[in-house]
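Printed here is my_file.pdb (PDB, C-alpha atoms):
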```
ATOM      1  CA  MET D   1      50.495 -13.497 -89.146
ATOM      2  CA  GLN D   2      54.182 -13.220 -88.348
ATOM      3  CA  ASP D   3      54.760 -16.706 -89.822
ATOM      4  CA  TYR D   4      52.894 -15.683 -92.976
ATOM      5  CA  TYR D   5      54.974 -12.541 -93.463
ATOM      6  CA  SER D   6      58.184 -14.459 -92.759
ATOM      7  CA  LEU D   7      57.336 -16.974 -95.497
ATOM      8  CA  TYR D   8      56.178 -14.191 -97.805
ATOM      9  CA  GLU D   9      59.464 -12.343 -97.359
ATOM     10  CA  LYS D  10      61.534 -15.517 -97.799
ATOM     11  CA  GLY D  11      59.818 -16.149-101.141
ATOM     12  CA  HIS D  12      61.101 -12.802-102.398
ATOM     13  CA  PHE D  13      64.722 -13.848-102.088
ATOM     14  CA  GLU D  14      64.627 -17.033-104.129
ATOM     15  CA  GLU D  15      66.740 -17.177-107.291
ATOM     16  CA  ASP D  16      63.891 -16.698-109.738
ATOM     17  CA  PHE D  17      62.500 -13.596-108.018
ATOM     18  CA  GLN D  18      64.118 -10.766-109.953
ATOM     19  CA  PRO D  19      62.894  -7.323-110.997
ATOM     20  CA  ASP D  20      62.038  -6.981-114.685
ATOM     21  CA  GLN D  21      64.698  -4.782-116.282
ATOM     22  CA  GLY D  22      62.256  -3.198-118.751
ATOM     23  CA  ILE D  23      59.991  -2.106-115.901
ATOM     24  CA  MET D  24      62.945  -0.803-113.901
ATOM     25  CA  ASP D  25      64.169   1.201-116.913
ATOM     26  CA  LEU D  26      60.680   2.648-117.414
ATOM     27  CA  LEU D  27      60.396   3.639-113.751
ATOM     28  CA  HIS D  28      63.819   5.343-113.898
ATOM     29  CA  LEU D  29      62.804   7.214-117.055
ATOM     30  CA  LEU D  30      59.471   8.357-115.635
ATOM     31  CA  LYS D  31      61.022   9.534-112.371
ATOM     32  CA  GLY D  32      63.721  11.335-114.342
ATOM     33  CA  GLN D  33      60.978  13.141-116.272
ATOM     34  CA  GLY D  34      59.278  14.213-113.050
ATOM     35  CA  VAL D  35      56.208  12.042-113.633
ATOM     36  CA  LYS D  36      54.252  11.372-110.448
ATOM     37  CA  LEU D  37      53.838   7.651-109.822
ATOM     38  CA  ALA D  38      51.347   5.928-107.574
ATOM     39  CA  VAL D  39      50.564   2.338-106.716
ATOM     40  CA  ILE D  40      47.102   1.192-105.759
ATOM     41  CA  THR D  41      47.256  -2.394-104.494
ATOM     42  CA  GLY D  42      45.078  -4.773-102.591
ATOM     43  CA  LYS D  43      48.122  -6.006-100.695
ATOM     44  CA  SER D  44      48.592  -5.025 -97.093
ATOM     45  CA  ARG D  45      51.076  -2.223 -96.407
ATOM     46  CA  ARG D  46      53.516  -4.726 -94.893
ATOM     47  CA  ALA D  47      53.327  -7.127 -97.866
ATOM     48  CA  PHE D  48      53.759  -4.212-100.297
ATOM     49  CA  GLU D  49      56.844  -2.975 -98.427
ATOM     50  CA  ILE D  50      58.360  -6.480 -98.448
ATOM     51  CA  SER D  51      57.815  -6.772-102.210
ATOM     52  CA  THR D  52      59.066  -3.309-103.172
ATOM     53  CA  GLY D  53      62.045  -3.653-100.849
ATOM     54  CA  ALA D  54      63.048  -6.978-102.400
ATOM     55  CA  LEU D  55      62.659  -5.486-105.888
ATOM     56  CA  ASN D  56      64.551  -2.266-105.018
ATOM     57  CA  MET D  57      61.499  -0.200-105.981
ATOM     58  CA  THR D  58      60.885   1.716-102.748
ATOM     59  CA  ASP D  59      62.063   5.076-104.091
ATOM     60  CA  PHE D  60      59.969   5.218-107.265
ATOM     61  CA  PHE D  61      56.489   5.907-105.954
ATOM     62  CA  ASP D  62      55.175   9.258-104.788
ATOM     63  CA  ILE D  63      52.161   7.639-103.134
ATOM     64  CA  THR D  64      51.077   4.122-102.304
ATOM     65  CA  ILE D  65      47.525   3.170-101.480
ATOM     66  CA  THR D  66      47.313  -0.354-100.049
ATOM     67  CA  GLY D  67      44.412  -2.510 -99.032
ATOM     68  CA  ASP D  68      44.948  -1.162 -95.520
ATOM     69  CA  ASP D  69      44.225   2.385 -96.714
ATOM     70  CA  VAL D  70      40.747   1.929 -98.230
ATOM     71  CA  ASP D  71      37.331   0.813 -97.096
ATOM     72  CA  ARG D  72      36.388  -0.427-100.578
ATOM     73  CA  PRO D  73      39.149  -2.191-102.541
ATOM     74  CA  LYS D  74      39.314  -2.517-106.320
ATOM     75  CA  PRO D  75      37.221  -2.783-108.411
ATOM     76  CA  ASP D  76      35.911   0.211-106.461
ATOM     77  CA  PRO D  77      37.832   3.358-107.532
ATOM     78  CA  GLU D  78      38.288   4.617-103.937
ATOM     79  CA  GLY D  79      42.050   4.006-103.915
ATOM     80  CA  ILE D  80      42.526   5.727-107.272
ATOM     81  CA  HIS D  81      40.496   8.753-106.174
ATOM     82  CA  LYS D  82      42.518   8.940-102.976
ATOM     83  CA  ALA D  83      45.835   8.853-104.871
ATOM     84  CA  LEU D  84      44.699  11.489-107.382
ATOM     85  CA  ASN D  85      43.549  13.739-104.557
ATOM     86  CA  ILE D  86      46.828  13.434-102.654
ATOM     87  CA  LEU D  87      48.866  14.057-105.826
ATOM     88  CA  GLY D  88      46.637  16.949-106.896
ATOM     89  CA  LEU D  89      45.893  15.374-110.277
ATOM     90  CA  ASP D  90      42.806  15.454-112.441
ATOM     91  CA  PRO D  91      41.751  12.078-113.919
ATOM     92  CA  ALA D  92      42.264  13.548-117.414
ATOM     93  CA  ASP D  93      45.962  13.989-116.586
ATOM     94  CA  ALA D  94      46.576  10.428-115.414
ATOM     95  CA  VAL D  95      46.703   6.908-116.768
ATOM     96  CA  PHE D  96      46.078   3.674-114.893
ATOM     97  CA  VAL D  97      47.622   0.309-115.702
ATOM     98  CA  GLY D  98      46.838  -3.075-114.262
ATOM     99  CA  ASP D  99      46.875  -6.769-114.938
ATOM    100  CA  SER D 100      43.501  -7.767-113.470
ATOM    101  CA  ASN D 101      39.854  -7.328-114.288
ATOM    102  CA  ALA D 102      39.452  -5.459-110.975
ATOM    103  CA  ASP D 103      42.204  -3.024-112.056
ATOM    104  CA  ILE D 104      40.500  -2.276-115.366
ATOM    105  CA  LEU D 105      37.099  -1.830-113.707
ATOM    106  CA  ALA D 106      38.568   0.513-111.083
ATOM    107  CA  GLY D 107      40.493   2.625-113.584
ATOM    108  CA  LYS D 108      37.518   3.017-115.891
ATOM    109  CA  ALA D 109      35.182   3.802-112.951
ATOM    110  CA  ALA D 110      37.628   6.514-111.860
ATOM    111  CA  GLY D 111      37.481   8.080-115.328
ATOM    112  CA  LEU D 112      41.119   7.426-116.253
ATOM    113  CA  ARG D 113      42.607   6.144-119.480
ATOM    114  CA  THR D 114      43.097   2.564-118.380
ATOM    115  CA  TYR D 115      45.416  -0.032-119.890
ATOM    116  CA  GLY D 116      45.689  -3.764-119.409
ATOM    117  CA  VAL D 117      49.248  -5.015-119.092
ATOM    118  CA  ARG D 118      50.446  -8.528-119.788
ATOM    119  CA  TRP D 119      54.167  -8.005-119.800
ATOM    120  CA  LEU D 120      55.168 -10.332-116.975
ATOM    121  CA  SER D 121      55.145 -14.117-117.097
ATOM    122  CA  THR D 122      52.117 -14.085-114.785
ATOM    123  CA  PHE D 123      49.175 -11.725-114.955
ATOM    124  CA  GLN D 124      45.728 -12.047-113.489
ATOM    125  CA  SER D 125      43.154 -11.614-116.257
ATOM    126  CA  LEU D 126      42.864 -12.614-119.903
ATOM    127  CA  VAL D 127      39.424 -11.048-120.285
ATOM    128  CA  TYR D 128      37.872  -7.920-118.839
ATOM    129  CA  ASP D 129      34.281  -6.973-118.004
ATOM    130  CA  VAL D 130      34.854  -3.590-119.667
ATOM    131  CA  SER D 131      37.301  -2.867-122.455
ATOM    132  CA  PRO D 132      40.533  -1.158-121.470
ATOM    133  CA  ASP D 133      41.831   1.668-123.638
ATOM    134  CA  GLY D 134      44.583  -0.658-124.786
ATOM    135  CA  ILE D 135      46.421  -3.826-123.875
ATOM    136  CA  PHE D 136      50.206  -4.038-123.801
ATOM    137  CA  SER D 137      52.162  -7.273-124.009
ATOM    138  CA  ASN D 138      55.513  -5.612-123.363
ATOM    139  CA  VAL D 139      56.889  -2.562-121.612
ATOM    140  CA  ASP D 140      58.266  -1.012-124.817
ATOM    141  CA  GLU D 141      54.759  -0.706-126.316
ATOM    142  CA  PHE D 142      53.577   1.165-123.229
ATOM    143  CA  ARG D 143      56.722   3.305-123.183
ATOM    144  CA  GLU D 144      56.022   4.381-126.779
ATOM    145  CA  LEU D 145      52.512   5.509-125.813
ATOM    146  CA  LEU D 146      53.847   7.463-122.847
ATOM    147  CA  ALA D 147      56.596   9.036-124.952
ATOM    148  CA  LYS D 148      53.917  10.520-127.238
ATOM    149  CA  GLU D 149      51.793  11.769-124.337
ATOM    150  CA  ILE D 150      54.541  13.056-122.076
ATOM    151  CA  ARG D 151      56.981  14.115-124.798
ATOM    152  CA  PHE D 152      60.031  12.869-122.933
ATOM    153  CA  GLN D 153      62.776  15.413-122.578
ATOM    154  CA  ASP D 154      66.367  14.558-123.389
ATOM    155  CA  ASN D 155      68.470  14.085-120.278
TER
END
```
Final structure tokens representation of the file:
Amino acid sequence: MQDYYSLYEKGHFEEDFQPDQGIMDLLHLLKGQGVKLAVITGKSRRAFEISTGALNMTDFFDITITGDDVDRPKPDPEGIHKALNILGLDPADAVFVGDSNADILAGKAAGLRTYGVRWLSTFQSLVYDVSPDGIFSNVDEFRELLAKEIRFQDN
């Protein structure tokens, strides 16, 4: 396992591994607005920490639920329910975004407005078993939706 994580970490410091500036700008904006952010991932805690550390994203998320933290991974909504409970949020007050069929199934099963995202050069699913509430091909489209719902305040 140590060899795996060493190779995994090394892959995060190659030239082409860079954070997406649009996503970083969105995360800064949301944090500045006081929006609670959670990640629900199938990755192990260690793999998640390697990735977020390499991308300088460790300070954005209020809660992280990894594959190590659930008995039933996505498409089961267990991780989403756990995050909502910890954050004290009702599903009606949250949105869920993901790039895989399992993400969309989990978000819909949890009762959240659920959006498919295809804004990176790689994403997992082109089709979904259930229809998401929308599909975004770039961060700006999603930001516009959030701006209407959150009514961003001027900083």
Q | Spatial neighbours of Gln21 in chain D, max dist 12 Å, all atoms listed in the file, sep filter under 4 positions, as a VMD selection string | A | chain D and resid 25 to 28 55 to 57 119 to 120 138 to 140
Q: Calculate how many Å separate CA of Tyr115 in chain D from CA of Glu78 in chain D, rounding to one decimal.
A: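 Result for CA of Tyr115 in chain D versus CA of Glu78 in chain D: 18.1 Å, one decimal.
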Q | Selection result for the PyMOL selection byres ((chain D and resi 92) around 12) on this file, as a VMD selection string | A | chain D and resid 84 88 to 91 93 to 96 107 to 108 110 to 114 149
Q.
Evaluate the PyMOL selection byres ((chain D and resi 50) around 12) against this structure - the residues, as a PyMOL selection string, please.
A. chain D and resi 5-13+43-49+51-58
Q | Which of D:Gly116, D:Val35, D:Thr122, D:Ile80 sits closest to Ile150 in chain D [using only C-alpha atoms] | A | D:Val35
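We find CA of Phe61 in chain D and CA of Ser121 in chain D to be spaced 23.0 Å apart.
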(Q) Quick check on the file I pasted: which residues fall under the PyMOL selection byres ((chain D and resi 67) around 8)? Write them as JSON, numbers by chain. (A) {"D": [41, 42, 43, 44, 45, 65, 66, 68, 69, 70, 73]}
Could you please take those selected residues and save C-alpha atoms as a compact mmCIF listing (two decimals), in the frame of the given file?
```txt
# COMPACT_ATOMS: atom_id res chain seq x y z
CA THR D 41 47.26 -2.39 -104.49
CA GLY D 42 45.08 -4.77 -102.59
CA LYS D 43 48.12 -6.01 -100.70
CA SER D 44 48.59 -5.03 -97.09
CA ARG D 45 51.08 -2.22 -96.41
CA ILE D 65 47.52 3.17 -101.48
CA THR D 66 47.31 -0.35 -100.05
CA ASP D 68 44.95 -1.16 -95.52
CA ASP D 69 44.22 2.38 -96.71
CA VAL D 70 40.75 1.93 -98.23
CA PRO D 73 39.15 -2.19 -102.54
```
Atoms are missing here; could range 54-67 of chain D be completed with N, CA and C atoms and written as a short mmCIF file (atom, residue, chain, number, x, y, z; two decimals), in the coordinates of the input?
```cif
data_model
loop_
_atom_site.label_atom_id
_atom_site.label_comp_id
_atom_site.auth_asym_id
_atom_site.auth_seq_id
_atom_site.Cartn_x
_atom_site.Cartn_y
_atom_site.Cartn_z
N ALA D 54 62.32 -5.88 -101.74
CA ALA D 54 63.05 -6.98 -102.40
C ALA D 54 63.35 -6.64 -103.85
N LEU D 55 62.48 -5.86 -104.48
CA LEU D 55 62.66 -5.49 -105.89
C LEU D 55 63.42 -4.16 -106.06
N ASN D 56 63.86 -3.57 -104.98
CA ASN D 56 64.55 -2.27 -105.02
C ASN D 56 63.70 -1.20 -105.70
N MET D 57 62.42 -1.16 -105.37
CA MET D 57 61.50 -0.20 -105.98
C MET D 57 60.95 0.81 -104.99
N THR D 58 61.48 0.87 -103.79
CA THR D 58 60.88 1.72 -102.75
C THR D 58 60.94 3.20 -103.07
N ASP D 59 61.89 3.64 -103.86
CA ASP D 59 62.06 5.08 -104.09
C ASP D 59 61.33 5.61 -105.32
N PHE D 60 60.60 4.78 -106.02
CA PHE D 60 59.97 5.22 -107.26
C PHE D 60 58.61 5.89 -107.08
N PHE D 61 57.89 5.53 -106.03
CA PHE D 61 56.49 5.91 -105.95
C PHE D 61 56.26 7.09 -105.03
N ASP D 62 55.50 8.06 -105.55
CA ASP D 62 55.18 9.26 -104.79
C ASP D 62 54.10 8.96 -103.75
N ILE D 63 53.25 8.01 -104.05
CA ILE D 63 52.16 7.64 -103.13
C ILE D 63 51.84 6.16 -103.34
N THR D 64 51.50 5.51 -102.25
CA THR D 64 51.08 4.12 -102.30
C THR D 64 49.79 3.99 -101.50
N ILE D 65 48.79 3.45 -102.14
CA ILE D 65 47.52 3.17 -101.48
C ILE D 65 47.40 1.65 -101.42
N THR D 66 47.41 1.10 -100.22
CA THR D 66 47.31 -0.35 -100.05
C THR D 66 45.90 -0.74 -99.62
N GLY D 67 45.69 -2.03 -99.52
CA GLY D 67 44.41 -2.51 -99.03
C GLY D 67 44.10 -2.02 -97.63
#
```
